[in-house]
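Raw entry-v4.pdb, PDB, C-alpha atoms, pLDDT in the B column:
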ATOM      1  CA  MET A   1     -74.355 142.422 -93.911  1.00 64.00           C
ATOM      2  CA  CYS A   2     -76.431 139.426 -92.858  1.00 74.00           C
ATOM      3  CA  GLU A   3     -79.420 138.830 -95.099  1.00 70.00           C
ATOM      4  CA  ASN A   4     -80.004 135.134 -94.667  1.00 71.00           C
ATOM      5  CA  PRO A   5     -83.460 133.611 -95.149  1.00 82.00           C
ATOM      6  CA  THR A   6     -83.956 132.001 -91.731  1.00 91.00           C
ATOM      7  CA  ARG A   7     -83.521 133.509 -88.299  1.00 94.00           C
ATOM      8  CA  PHE A   8     -81.024 130.757 -87.401  1.00 96.00           C
ATOM      9  CA  GLU A   9     -78.835 131.494 -90.411  1.00 95.00           C
ATOM     10  CA  ASN A  10     -79.129 135.197 -89.704  1.00 95.00           C
ATOM     11  CA  ALA A  11     -78.109 134.687 -86.071  1.00 97.00           C
ATOM     12  CA  ILE A  12     -75.092 132.583 -87.085  1.00 97.00           C
ATOM     13  CA  CYS A  13     -74.074 135.271 -89.562  1.00 96.00           C
ATOM     14  CA  LEU A  14     -74.343 137.970 -86.876  1.00 96.00           C
ATOM     15  CA  ILE A  15     -72.329 135.887 -84.409  1.00 97.00           C
ATOM     16  CA  ASP A  16     -69.649 135.364 -87.047  1.00 97.00           C
ATOM     17  CA  GLU A  17     -69.632 139.070 -87.862  1.00 97.00           C
ATOM     18  CA  ALA A  18     -69.059 139.859 -84.183  1.00 97.00           C
ATOM     19  CA  ASN A  19     -66.205 137.368 -83.915  1.00 98.00           C
ATOM     20  CA  SER A  20     -64.680 138.578 -87.178  1.00 97.00           C
ATOM     21  CA  LEU A  21     -63.786 141.794 -85.359  1.00 97.00           C
ATOM     22  CA  ASP A  22     -61.265 139.970 -83.172  1.00 97.00           C
ATOM     23  CA  PRO A  23     -57.930 141.818 -83.578  1.00 97.00           C
ATOM     24  CA  ASN A  24     -56.091 138.619 -82.600  1.00 96.00           C
ATOM     25  CA  THR A  25     -55.422 136.257 -85.473  1.00 96.00           C
ATOM     26  CA  GLU A  26     -54.410 132.641 -85.968  1.00 94.00           C
ATOM     27  CA  ILE A  27     -52.954 130.954 -89.018  1.00 93.00           C
ATOM     28  CA  PHE A  28     -54.771 127.781 -90.038  1.00 91.00           C
ATOM     29  CA  GLU A  29     -53.937 125.833 -93.191  1.00 89.00           C
ATOM     30  CA  GLY A  30     -51.971 128.778 -94.521  1.00 90.00           C
ATOM     31  CA  GLU A  31     -54.690 131.380 -94.008  1.00 91.00           C
ATOM     32  CA  ASP A  32     -55.048 134.090 -91.368  1.00 95.00           C
ATOM     33  CA  TYR A  33     -58.310 134.047 -89.350  1.00 96.00           C
ATOM     34  CA  PRO A  34     -59.700 136.173 -86.527  1.00 97.00           C
ATOM     35  CA  LYS A  35     -58.992 133.940 -83.535  1.00 97.00           C
ATOM     36  CA  GLU A  36     -62.512 133.710 -82.081  1.00 97.00           C
ATOM     37  CA  LEU A  37     -64.108 133.227 -85.500  1.00 97.00           C
ATOM     38  CA  LEU A  38     -61.899 130.212 -86.110  1.00 97.00           C
ATOM     39  CA  TYR A  39     -62.670 128.936 -82.611  1.00 97.00           C
ATOM     40  CA  SER A  40     -66.429 129.165 -83.213  1.00 97.00           C
ATOM     41  CA  VAL A  41     -66.164 127.263 -86.505  1.00 97.00           C
ATOM     42  CA  ARG A  42     -64.167 124.541 -84.769  1.00 97.00           C
ATOM     43  CA  MET A  43     -66.842 124.338 -82.072  1.00 98.00           C
ATOM     44  CA  THR A  44     -69.581 123.894 -84.654  1.00 98.00           C
ATOM     45  CA  LYS A  45     -67.662 121.180 -86.505  1.00 97.00           C
ATOM     46  CA  TRP A  46     -67.195 119.174 -83.327  1.00 98.00           C
ATOM     47  CA  LEU A  47     -70.859 119.540 -82.406  1.00 98.00           C
ATOM     48  CA  GLU A  48     -71.832 118.231 -85.831  1.00 97.00           C
ATOM     49  CA  THR A  49     -69.521 115.271 -85.240  1.00 97.00           C
ATOM     50  CA  ILE A  50     -70.758 114.148 -81.831  1.00 96.00           C
ATOM     51  CA  GLU A  51     -74.346 115.483 -81.883  1.00 97.00           C
ATOM     52  CA  PRO A  52     -75.518 115.920 -85.500  1.00 96.00           C
ATOM     53  CA  LEU A  53     -79.162 116.290 -84.407  1.00 97.00           C
ATOM     54  CA  ALA A  54     -78.426 119.033 -81.851  1.00 97.00           C
ATOM     55  CA  SER A  55     -81.201 121.495 -81.077  1.00 97.00           C
ATOM     56  CA  GLU A  56     -81.148 124.994 -82.499  1.00 97.00           C
ATOM     57  CA  ALA A  57     -80.498 126.434 -79.035  1.00 97.00           C
ATOM     58  CA  LEU A  58     -77.453 124.226 -78.545  1.00 98.00           C
ATOM     59  CA  ARG A  59     -76.092 125.065 -81.994  1.00 98.00           C
ATOM     60  CA  LEU A  60     -76.444 128.772 -81.216  1.00 98.00           C
ATOM     61  CA  ALA A  61     -74.741 128.391 -77.845  1.00 98.00           C
ATOM     62  CA  VAL A  62     -71.870 126.412 -79.342  1.00 98.00           C
ATOM     63  CA  ARG A  63     -71.293 129.022 -82.048  1.00 98.00           C
ATOM     64  CA  SER A  64     -71.321 131.907 -79.560  1.00 97.00           C
ATOM     65  CA  GLN A  65     -69.330 130.226 -76.759  1.00 96.00           C
ATOM     66  CA  HIS A  66     -66.467 132.763 -77.001  1.00 96.00           C
ATOM     67  CA  ILE A  67     -68.258 135.678 -78.619  1.00 97.00           C
ATOM     68  CA  ARG A  68     -66.149 138.850 -78.393  1.00 97.00           C
ATOM     69  CA  ARG A  69     -64.012 137.237 -75.691  1.00 96.00           C
ATOM     70  CA  TRP A  70     -61.049 139.496 -76.447  1.00 97.00           C
ATOM     71  CA  GLU A  71     -62.956 142.427 -74.915  1.00 97.00           C
ATOM     72  CA  ILE A  72     -62.524 140.946 -71.425  1.00 95.00           C
ATOM     73  CA  PRO A  73     -58.869 139.873 -71.235  1.00 93.00           C
ATOM     74  CA  ARG A  74     -57.548 137.623 -68.505  1.00 91.00           C
ATOM     75  CA  SER A  75     -54.983 140.327 -67.660  1.00 92.00           C
ATOM     76  CA  ASP A  76     -57.783 142.540 -66.298  1.00 92.00           C
ATOM     77  CA  TYR A  77     -58.152 140.162 -63.343  1.00 93.00           C
ATOM     78  CA  PRO A  78     -55.747 139.181 -60.556  1.00 92.00           C
ATOM     79  CA  LEU A  79     -53.418 136.227 -60.935  1.00 88.00           C
ATOM     80  CA  GLY A  80     -54.286 132.989 -59.194  1.00 87.00           C
ATOM     81  CA  ARG A  81     -57.324 130.766 -58.933  1.00 86.00           C
ATOM     82  CA  LYS A  82     -59.669 133.383 -57.459  1.00 92.00           C
ATOM     83  CA  GLY A  83     -58.838 135.868 -60.201  1.00 93.00           C
ATOM     84  CA  TYR A  84     -59.304 133.183 -62.830  1.00 91.00           C
ATOM     85  CA  HIS A  85     -62.741 132.206 -61.529  1.00 91.00           C
ATOM     86  CA  ARG A  86     -63.828 135.863 -61.386  1.00 94.00           C
ATOM     87  CA  TRP A  87     -62.754 136.234 -65.005  1.00 94.00           C
ATOM     88  CA  ARG A  88     -64.550 133.076 -66.119  1.00 91.00           C
ATOM     89  CA  THR A  89     -67.761 134.065 -64.304  1.00 92.00           C
ATOM     90  CA  ARG A  90     -67.716 137.474 -65.967  1.00 94.00           C
ATOM     91  CA  LEU A  91     -67.134 135.861 -69.349  1.00 94.00           C
ATOM     92  CA  TYR A  92     -70.145 133.561 -68.926  1.00 94.00           C
ATOM     93  CA  ASP A  93     -72.340 136.590 -68.256  1.00 94.00           C
ATOM     94  CA  TYR A  94     -70.773 138.632 -71.055  1.00 96.00           C
ATOM     95  CA  HIS A  95     -71.149 135.928 -73.694  1.00 97.00           C
ATOM     96  CA  GLY A  96     -74.769 135.500 -72.644  1.00 96.00           C
ATOM     97  CA  GLU A  97     -75.422 139.245 -72.864  1.00 96.00           C
ATOM     98  CA  LYS A  98     -73.869 139.623 -76.315  1.00 97.00           C
ATOM     99  CA  THR A  99     -75.560 136.516 -77.668  1.00 98.00           C
ATOM    100  CA  ALA A 100     -78.940 137.617 -76.317  1.00 97.00           C
ATOM    101  CA  GLU A 101     -78.599 140.932 -78.179  1.00 97.00           C
ATOM    102  CA  ILE A 102     -77.956 139.085 -81.431  1.00 97.00           C
ATOM    103  CA  LEU A 103     -80.771 136.599 -80.920  1.00 97.00           C
ATOM    104  CA  GLU A 104     -83.201 139.423 -80.214  1.00 97.00           C
ATOM    105  CA  GLU A 105     -82.089 141.143 -83.411  1.00 94.00           C
ATOM    106  CA  ALA A 106     -82.576 137.891 -85.338  1.00 94.00           C
ATOM    107  CA  GLY A 107     -86.135 137.556 -84.004  1.00 94.00           C
ATOM    108  CA  TYR A 108     -85.832 134.833 -81.383  1.00 96.00           C
ATOM    109  CA  ASP A 109     -88.354 134.462 -78.576  1.00 96.00           C
ATOM    110  CA  GLU A 110     -87.466 135.026 -74.929  1.00 96.00           C
ATOM    111  CA  GLU A 111     -87.696 131.322 -74.065  1.00 96.00           C
ATOM    112  CA  THR A 112     -85.010 130.398 -76.599  1.00 97.00           C
ATOM    113  CA  ILE A 113     -82.797 133.283 -75.524  1.00 97.00           C
ATOM    114  CA  VAL A 114     -83.006 132.246 -71.862  1.00 96.00           C
ATOM    115  CA  ARG A 115     -82.220 128.652 -72.816  1.00 96.00           C
ATOM    116  CA  VAL A 116     -79.123 129.693 -74.777  1.00 97.00           C
ATOM    117  CA  ARG A 117     -77.926 131.920 -71.931  1.00 96.00           C
ATOM    118  CA  LYS A 118     -78.255 129.051 -69.454  1.00 95.00           C
ATOM    119  CA  LEU A 119     -76.168 126.866 -71.738  1.00 96.00           C
ATOM    120  CA  LEU A 120     -73.488 129.543 -72.036  1.00 95.00           C
ATOM    121  CA  LYS A 121     -73.378 129.797 -68.235  1.00 93.00           C
ATOM    122  CA  LYS A 122     -72.821 126.012 -68.135  1.00 90.00           C
ATOM    123  CA  GLN A 123     -75.843 125.573 -65.891  1.00 87.00           C
ATOM    124  CA  GLY A 124     -76.710 121.951 -65.206  1.00 84.00           C
ATOM    125  CA  LEU A 125     -73.360 120.451 -66.130  1.00 81.00           C
ATOM    126  CA  LYS A 126     -73.560 116.666 -65.571  1.00 80.00           C
ATOM    127  CA  SER A 127     -77.370 116.866 -65.305  1.00 86.00           C
ATOM    128  CA  ASN A 128     -78.466 118.751 -68.456  1.00 92.00           C
ATOM    129  CA  PRO A 129     -77.479 116.721 -71.555  1.00 95.00           C
ATOM    130  CA  GLU A 130     -77.169 119.852 -73.712  1.00 97.00           C
ATOM    131  CA  THR A 131     -74.906 121.624 -71.221  1.00 96.00           C
ATOM    132  CA  GLN A 132     -72.793 118.489 -71.041  1.00 96.00           C
ATOM    133  CA  THR A 133     -72.561 118.311 -74.828  1.00 97.00           C
ATOM    134  CA  LEU A 134     -71.447 121.951 -74.962  1.00 97.00           C
ATOM    135  CA  GLU A 135     -68.750 121.181 -72.398  1.00 96.00           C
ATOM    136  CA  ASP A 136     -67.638 118.081 -74.305  1.00 97.00           C
ATOM    137  CA  VAL A 137     -67.340 120.114 -77.509  1.00 98.00           C
ATOM    138  CA  ALA A 138     -65.320 122.835 -75.768  1.00 97.00           C
ATOM    139  CA  CYS A 139     -62.960 120.245 -74.247  1.00 97.00           C
ATOM    140  CA  LEU A 140     -62.477 118.485 -77.585  1.00 97.00           C
ATOM    141  CA  VAL A 141     -61.692 121.756 -79.354  1.00 97.00           C
ATOM    142  CA  PHE A 142     -59.191 122.621 -76.627  1.00 96.00           C
ATOM    143  CA  LEU A 143     -57.463 119.253 -76.750  1.00 96.00           C
ATOM    144  CA  GLU A 144     -57.305 119.076 -80.529  1.00 96.00           C
ATOM    145  CA  SER A 145     -56.432 122.656 -81.459  1.00 95.00           C
ATOM    146  CA  TYR A 146     -55.040 124.549 -78.457  1.00 94.00           C
ATOM    147  CA  PHE A 147     -53.670 122.168 -75.852  1.00 93.00           C
ATOM    148  CA  TRP A 148     -50.181 121.606 -77.266  1.00 91.00           C
ATOM    149  CA  ASP A 149     -49.349 125.310 -77.614  1.00 90.00           C
ATOM    150  CA  PHE A 150     -50.853 125.942 -74.170  1.00 88.00           C
ATOM    151  CA  SER A 151     -48.823 123.112 -72.619  1.00 87.00           C
ATOM    152  CA  ARG A 152     -45.533 124.710 -73.640  1.00 86.00           C
ATOM    153  CA  LEU A 153     -46.311 127.796 -71.562  1.00 84.00           C
ATOM    154  CA  HIS A 154     -46.567 125.944 -68.238  1.00 86.00           C
ATOM    155  CA  ASP A 155     -44.746 123.321 -66.227  1.00 88.00           C
ATOM    156  CA  GLU A 156     -45.713 119.687 -66.602  1.00 89.00           C
ATOM    157  CA  GLU A 157     -47.299 119.355 -63.152  1.00 90.00           C
ATOM    158  CA  LYS A 158     -49.735 122.171 -63.878  1.00 89.00           C
ATOM    159  CA  ILE A 159     -50.553 120.764 -67.321  1.00 92.00           C
ATOM    160  CA  ILE A 160     -51.247 117.311 -65.895  1.00 93.00           C
ATOM    161  CA  GLY A 161     -53.621 118.865 -63.357  1.00 92.00           C
ATOM    162  CA  ILE A 162     -55.456 120.804 -66.068  1.00 92.00           C
ATOM    163  CA  LEU A 163     -55.794 117.695 -68.216  1.00 94.00           C
ATOM    164  CA  ARG A 164     -57.259 115.725 -65.315  1.00 95.00           C
ATOM    165  CA  LYS A 165     -59.784 118.471 -64.595  1.00 93.00           C
ATOM    166  CA  THR A 166     -60.675 118.687 -68.285  1.00 94.00           C
ATOM    167  CA  TRP A 167     -61.166 114.920 -68.470  1.00 96.00           C
ATOM    168  CA  ALA A 168     -63.377 114.926 -65.375  1.00 94.00           C
ATOM    169  CA  LYS A 169     -65.695 117.515 -66.940  1.00 94.00           C
ATOM    170  CA  MET A 170     -66.325 115.354 -69.995  1.00 95.00           C
ATOM    171  CA  SER A 171     -68.955 112.680 -70.444  1.00 95.00           C
ATOM    172  CA  ALA A 172     -68.048 109.119 -71.416  1.00 95.00           C
ATOM    173  CA  ARG A 173     -68.933 109.999 -75.016  1.00 96.00           C
ATOM    174  CA  GLY A 174     -66.654 113.028 -74.954  1.00 96.00           C
ATOM    175  CA  GLN A 175     -63.821 111.022 -73.436  1.00 96.00           C
ATOM    176  CA  GLU A 176     -64.213 108.354 -76.115  1.00 96.00           C
ATOM    177  CA  ALA A 177     -63.984 111.015 -78.838  1.00 96.00           C
ATOM    178  CA  ALA A 178     -60.926 112.513 -77.142  1.00 96.00           C
ATOM    179  CA  ARG A 179     -59.150 109.140 -77.184  1.00 94.00           C
ATOM    180  CA  GLU A 180     -59.540 109.104 -80.978  1.00 95.00           C
ATOM    181  CA  LEU A 181     -57.861 112.497 -81.485  1.00 94.00           C
ATOM    182  CA  SER A 182     -54.745 112.624 -83.653  1.00 92.00           C
ATOM    183  CA  LEU A 183     -52.412 114.396 -81.236  1.00 93.00           C
ATOM    184  CA  ASN A 184     -48.719 114.911 -81.728  1.00 92.00           C
ATOM    185  CA  ALA A 185     -46.378 112.676 -79.728  1.00 94.00           C
ATOM    186  CA  GLY A 186     -45.741 115.275 -77.020  1.00 92.00           C
ATOM    187  CA  ALA A 187     -49.420 116.024 -76.419  1.00 92.00           C
ATOM    188  CA  GLU A 188     -50.330 112.339 -76.452  1.00 93.00           C
ATOM    189  CA  ALA A 189     -47.632 111.568 -73.889  1.00 93.00           C
ATOM    190  CA  LEU A 190     -48.950 114.270 -71.559  1.00 93.00           C
ATOM    191  CA  LEU A 191     -52.516 113.024 -71.920  1.00 92.00           C
ATOM    192  CA  ASN A 192     -51.488 109.440 -71.234  1.00 92.00           C
ATOM    193  CA  LYS A 193     -49.590 110.564 -68.150  1.00 92.00           C
ATOM    194  CA  ALA A 194     -52.603 112.514 -66.910  1.00 93.00           C
ATOM    195  CA  LEU A 195     -54.905 109.535 -67.388  1.00 91.00           C
ATOM    196  CA  ALA A 196     -52.585 106.998 -65.795  1.00 87.00           C
ATOM    197  CA  PRO A 197     -53.719 105.759 -62.350  1.00 81.00           C
ATOM    198  CA  GLU A 198     -52.252 107.845 -59.553  1.00 70.00           C
ATOM    199  CA  ASN A 199     -50.026 106.061 -57.066  1.00 54.00           C
TER     200      ASN A 199
END

Please express the file's structure as structure tokens.
Amino acid sequence: MCENPTRFENAICLIDEANSLDPNTEIFEGEDYPKELLYSVRMTKWLETIEPLASEALRLAVRSQHIRRWEIPRSDYPLGRKGYHRWRTRLYDYHGEKTAEILEEAGYDEETIVRVRKLLKKQGLKSNPETQTLEDVACLVFLESYFWDFSRLHDEEKIIGILRKTWAKMSARGQEAARELSLNAGAEALLNKALAPEN
């Protein structure tokens, strides 16, 4: 039960409660965590690293980026690029809907709720600094915590393409932070290959 003193703390608690229901788990440092709860904590930690003075709206969007994602599995949509984009578009709307419900419950005004939903839809990428920061954080979390396992499920050509697209979505600040990541040798080799000039 969330009984925190500020509406922000209450909203974060409610978001975490929602993500704690994830039936999928991940082991981290010897402990078992609901997958999306662990993801949201990782998102927040990276935001605090690259943008410690982030606005409340951005902090809320970062924490709720994958809220209840397991309820709309990728397998519900066709294979291929078109199916993937349909899935991602639905997720953007769904995360915004679920987050808006929580923010309303926590007592947020409509202006803040609309702002958070726009961030979750990635509106204004490359033009809105907050949207860009959210994207940088998501890319950094992916590269640091999920990329290596993901890379072993696909062929190298596909992975190189994904890395190049990921890199292109990041700002110079995000790219600089990514270069400082402590990746294992295999992941670092793939990243270096992706960033090498194309012939």

Explicit residue set for the PyMOL selection byres ((chain A and resi 179) around 12), as a ChimeraX atom specification: /A:140,143-144,167,170,172-178,180-183,187-188,191-192,195

Gap from atom CA of Pro197 of chain A to atom CA of Lys158 of chain A - Å, one decimal: 17.0 Å

Mind checking which residues fall within 8 Å of Arg74 of chain A, counting only C-alpha atoms, ignoring those fewer than 3 positions away in the same chain, and posting them as a PDB file with C-alpha atoms, in the frame of the given file?
ATOM      1  CA  TYR A  77     -58.152 140.162 -63.343  1.00 93.00           C
ATOM      2  CA  TYR A  84     -59.304 133.183 -62.830  1.00 91.00           C
ATOM      3  CA  TRP A  87     -62.754 136.234 -65.005  1.00 94.00           C
TER       4      TRP A  87
END

Spatial neighbours of segment 40-43 of chain A, 9 Å, only C-alpha atoms, chain gap at least 4 places, as a ChimeraX atom specification: /A:16,19,35-36,47-48,62-67,134,137-138,140-141,145

Nearest to Tyr146 of chain A, chosen from A:Ala194, A:Tyr39, A:Glu71, A:Ala100, with all atoms listed in the file counted in the distances: A:Tyr39

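The residues returned by the PyMOL selection byres ((chain A and resi 60) around 10) for this structure are Phe8, Glu9, Ala11, Ile12, Ile15, Thr44, Ala54, Ser55, Glu56, Ala57, Leu58, Arg59, Ala61, Val62, Arg63, Ser64, Gln65, Thr99, Leu103, Thr112, Ile113, Val116, Arg117, Leu119 and Leu120 of chain A.
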
Residue neighbourhood Ala18 of chain A, 9 Å, all atoms listed in the file, exclusion window fewer than 3 positions, as number ranges by chain: A: 13-15, 21-22, 37, 67-68

Please complete segment 140-151 of chain A with all heavy atoms and give it back as an mmCIF file, in the coordinates of the input.
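File produced: rebuild_33.cif:
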data_model
loop_
_atom_site.group_PDB
_atom_site.id
_atom_site.type_symbol
_atom_site.label_atom_id
_atom_site.label_comp_id
_atom_site.auth_asym_id
_atom_site.auth_seq_id
_atom_site.Cartn_x
_atom_site.Cartn_y
_atom_site.Cartn_z
ATOM 1 N N LEU A 140 -63.046 119.105 -76.392
ATOM 2 C CA LEU A 140 -62.477 118.485 -77.585
ATOM 3 C C LEU A 140 -61.755 119.513 -78.447
ATOM 4 O O LEU A 140 -60.674 119.245 -78.982
ATOM 5 C CB LEU A 140 -63.574 117.784 -78.386
ATOM 6 C CG LEU A 140 -64.093 116.486 -77.758
ATOM 7 C CD1 LEU A 140 -65.419 116.066 -78.382
ATOM 8 C CD2 LEU A 140 -63.061 115.366 -77.894
ATOM 9 N N VAL A 141 -62.340 120.688 -78.585
ATOM 10 C CA VAL A 141 -61.692 121.756 -79.354
ATOM 11 C C VAL A 141 -60.380 122.153 -78.678
ATOM 12 O O VAL A 141 -59.351 122.335 -79.340
ATOM 13 C CB VAL A 141 -62.625 122.969 -79.501
ATOM 14 C CG1 VAL A 141 -61.868 124.179 -80.067
ATOM 15 C CG2 VAL A 141 -63.801 122.627 -80.414
ATOM 16 N N PHE A 142 -60.408 122.273 -77.363
ATOM 17 C CA PHE A 142 -59.191 122.621 -76.627
ATOM 18 C C PHE A 142 -58.104 121.573 -76.833
ATOM 19 O O PHE A 142 -56.957 121.899 -77.178
ATOM 20 C CB PHE A 142 -59.507 122.760 -75.141
ATOM 21 C CG PHE A 142 -58.285 122.844 -74.263
ATOM 22 C CD1 PHE A 142 -57.444 123.950 -74.306
ATOM 23 C CD2 PHE A 142 -57.961 121.797 -73.392
ATOM 24 C CE1 PHE A 142 -56.304 124.018 -73.496
ATOM 25 C CE2 PHE A 142 -56.833 121.865 -72.597
ATOM 26 C CZ PHE A 142 -55.997 122.976 -72.652
ATOM 27 N N LEU A 143 -58.458 120.313 -76.641
ATOM 28 C CA LEU A 143 -57.463 119.253 -76.750
ATOM 29 C C LEU A 143 -56.899 119.129 -78.160
ATOM 30 O O LEU A 143 -55.700 118.933 -78.346
ATOM 31 C CB LEU A 143 -58.087 117.920 -76.322
ATOM 32 C CG LEU A 143 -58.402 117.780 -74.831
ATOM 33 C CD1 LEU A 143 -59.228 116.520 -74.583
ATOM 34 C CD2 LEU A 143 -57.125 117.751 -74.003
ATOM 35 N N GLU A 144 -57.745 119.264 -79.150
ATOM 36 C CA GLU A 144 -57.305 119.076 -80.529
ATOM 37 C C GLU A 144 -56.521 120.269 -81.079
ATOM 38 O O GLU A 144 -55.519 120.092 -81.774
ATOM 39 C CB GLU A 144 -58.509 118.809 -81.435
ATOM 40 C CG GLU A 144 -58.133 118.585 -82.889
ATOM 41 C CD GLU A 144 -59.324 118.266 -83.752
ATOM 42 O OE1 GLU A 144 -60.268 119.079 -83.802
ATOM 43 O OE2 GLU A 144 -59.326 117.193 -84.390
ATOM 44 N N SER A 145 -56.960 121.480 -80.764
ATOM 45 C CA SER A 145 -56.432 122.656 -81.459
ATOM 46 C C SER A 145 -55.590 123.607 -80.616
ATOM 47 O O SER A 145 -54.852 124.423 -81.173
ATOM 48 C CB SER A 145 -57.593 123.448 -82.082
ATOM 49 O OG SER A 145 -58.301 122.657 -83.011
ATOM 50 N N TYR A 146 -55.706 123.539 -79.283
ATOM 51 C CA TYR A 146 -55.040 124.549 -78.457
ATOM 52 C C TYR A 146 -54.138 123.977 -77.356
ATOM 53 O O TYR A 146 -53.273 124.674 -76.835
ATOM 54 C CB TYR A 146 -56.087 125.468 -77.813
ATOM 55 C CG TYR A 146 -56.957 126.152 -78.844
ATOM 56 C CD1 TYR A 146 -58.229 125.673 -79.133
ATOM 57 C CD2 TYR A 146 -56.504 127.268 -79.543
ATOM 58 C CE1 TYR A 146 -59.024 126.285 -80.090
ATOM 59 C CE2 TYR A 146 -57.287 127.894 -80.494
ATOM 60 C CZ TYR A 146 -58.544 127.385 -80.767
ATOM 61 O OH TYR A 146 -59.336 127.996 -81.726
ATOM 62 N N PHE A 147 -54.368 122.732 -77.011
ATOM 63 C CA PHE A 147 -53.670 122.168 -75.852
ATOM 64 C C PHE A 147 -52.154 122.178 -75.992
ATOM 65 O O PHE A 147 -51.435 122.563 -75.066
ATOM 66 C CB PHE A 147 -54.171 120.743 -75.581
ATOM 67 C CG PHE A 147 -53.274 119.969 -74.669
ATOM 68 C CD1 PHE A 147 -53.055 120.400 -73.366
ATOM 69 C CD2 PHE A 147 -52.605 118.832 -75.114
ATOM 70 C CE1 PHE A 147 -52.205 119.706 -72.521
ATOM 71 C CE2 PHE A 147 -51.753 118.139 -74.280
ATOM 72 C CZ PHE A 147 -51.550 118.577 -72.978
ATOM 73 N N TRP A 148 -51.623 121.750 -77.138
ATOM 74 C CA TRP A 148 -50.181 121.606 -77.266
ATOM 75 C C TRP A 148 -49.467 122.944 -77.087
ATOM 76 O O TRP A 148 -48.492 123.050 -76.335
ATOM 77 C CB TRP A 148 -49.821 120.972 -78.597
ATOM 78 C CG TRP A 148 -48.343 120.842 -78.799
ATOM 79 C CD1 TRP A 148 -47.592 121.405 -79.797
ATOM 80 C CD2 TRP A 148 -47.419 120.127 -77.971
ATOM 81 N NE1 TRP A 148 -46.265 121.081 -79.652
ATOM 82 C CE2 TRP A 148 -46.121 120.292 -78.526
ATOM 83 C CE3 TRP A 148 -47.548 119.358 -76.804
ATOM 84 C CZ2 TRP A 148 -44.987 119.738 -77.963
ATOM 85 C CZ3 TRP A 148 -46.410 118.800 -76.240
ATOM 86 C CH2 TRP A 148 -45.149 118.982 -76.810
ATOM 87 N N ASP A 149 -49.963 123.982 -77.767
ATOM 88 C CA ASP A 149 -49.349 125.310 -77.614
ATOM 89 C C ASP A 149 -49.465 125.793 -76.173
ATOM 90 O O ASP A 149 -48.528 126.370 -75.612
ATOM 91 C CB ASP A 149 -50.001 126.318 -78.557
ATOM 92 C CG ASP A 149 -49.582 126.094 -80.008
ATOM 93 O OD1 ASP A 149 -48.538 125.446 -80.237
ATOM 94 O OD2 ASP A 149 -50.299 126.559 -80.910
ATOM 95 N N PHE A 150 -50.632 125.550 -75.557
ATOM 96 C CA PHE A 150 -50.853 125.942 -74.170
ATOM 97 C C PHE A 150 -49.886 125.210 -73.240
ATOM 98 O O PHE A 150 -49.343 125.795 -72.296
ATOM 99 C CB PHE A 150 -52.301 125.638 -73.781
ATOM 100 C CG PHE A 150 -52.642 125.930 -72.357
ATOM 101 C CD1 PHE A 150 -52.922 127.216 -71.944
ATOM 102 C CD2 PHE A 150 -52.691 124.902 -71.419
ATOM 103 C CE1 PHE A 150 -53.246 127.492 -70.617
ATOM 104 C CE2 PHE A 150 -53.008 125.167 -70.093
ATOM 105 C CZ PHE A 150 -53.283 126.465 -69.693
ATOM 106 N N SER A 151 -49.659 123.939 -73.508
ATOM 107 C CA SER A 151 -48.823 123.112 -72.619
ATOM 108 C C SER A 151 -47.388 123.611 -72.555
ATOM 109 O O SER A 151 -46.703 123.418 -71.550
ATOM 110 C CB SER A 151 -48.842 121.651 -73.073
ATOM 111 O OG SER A 151 -48.105 121.474 -74.279
#
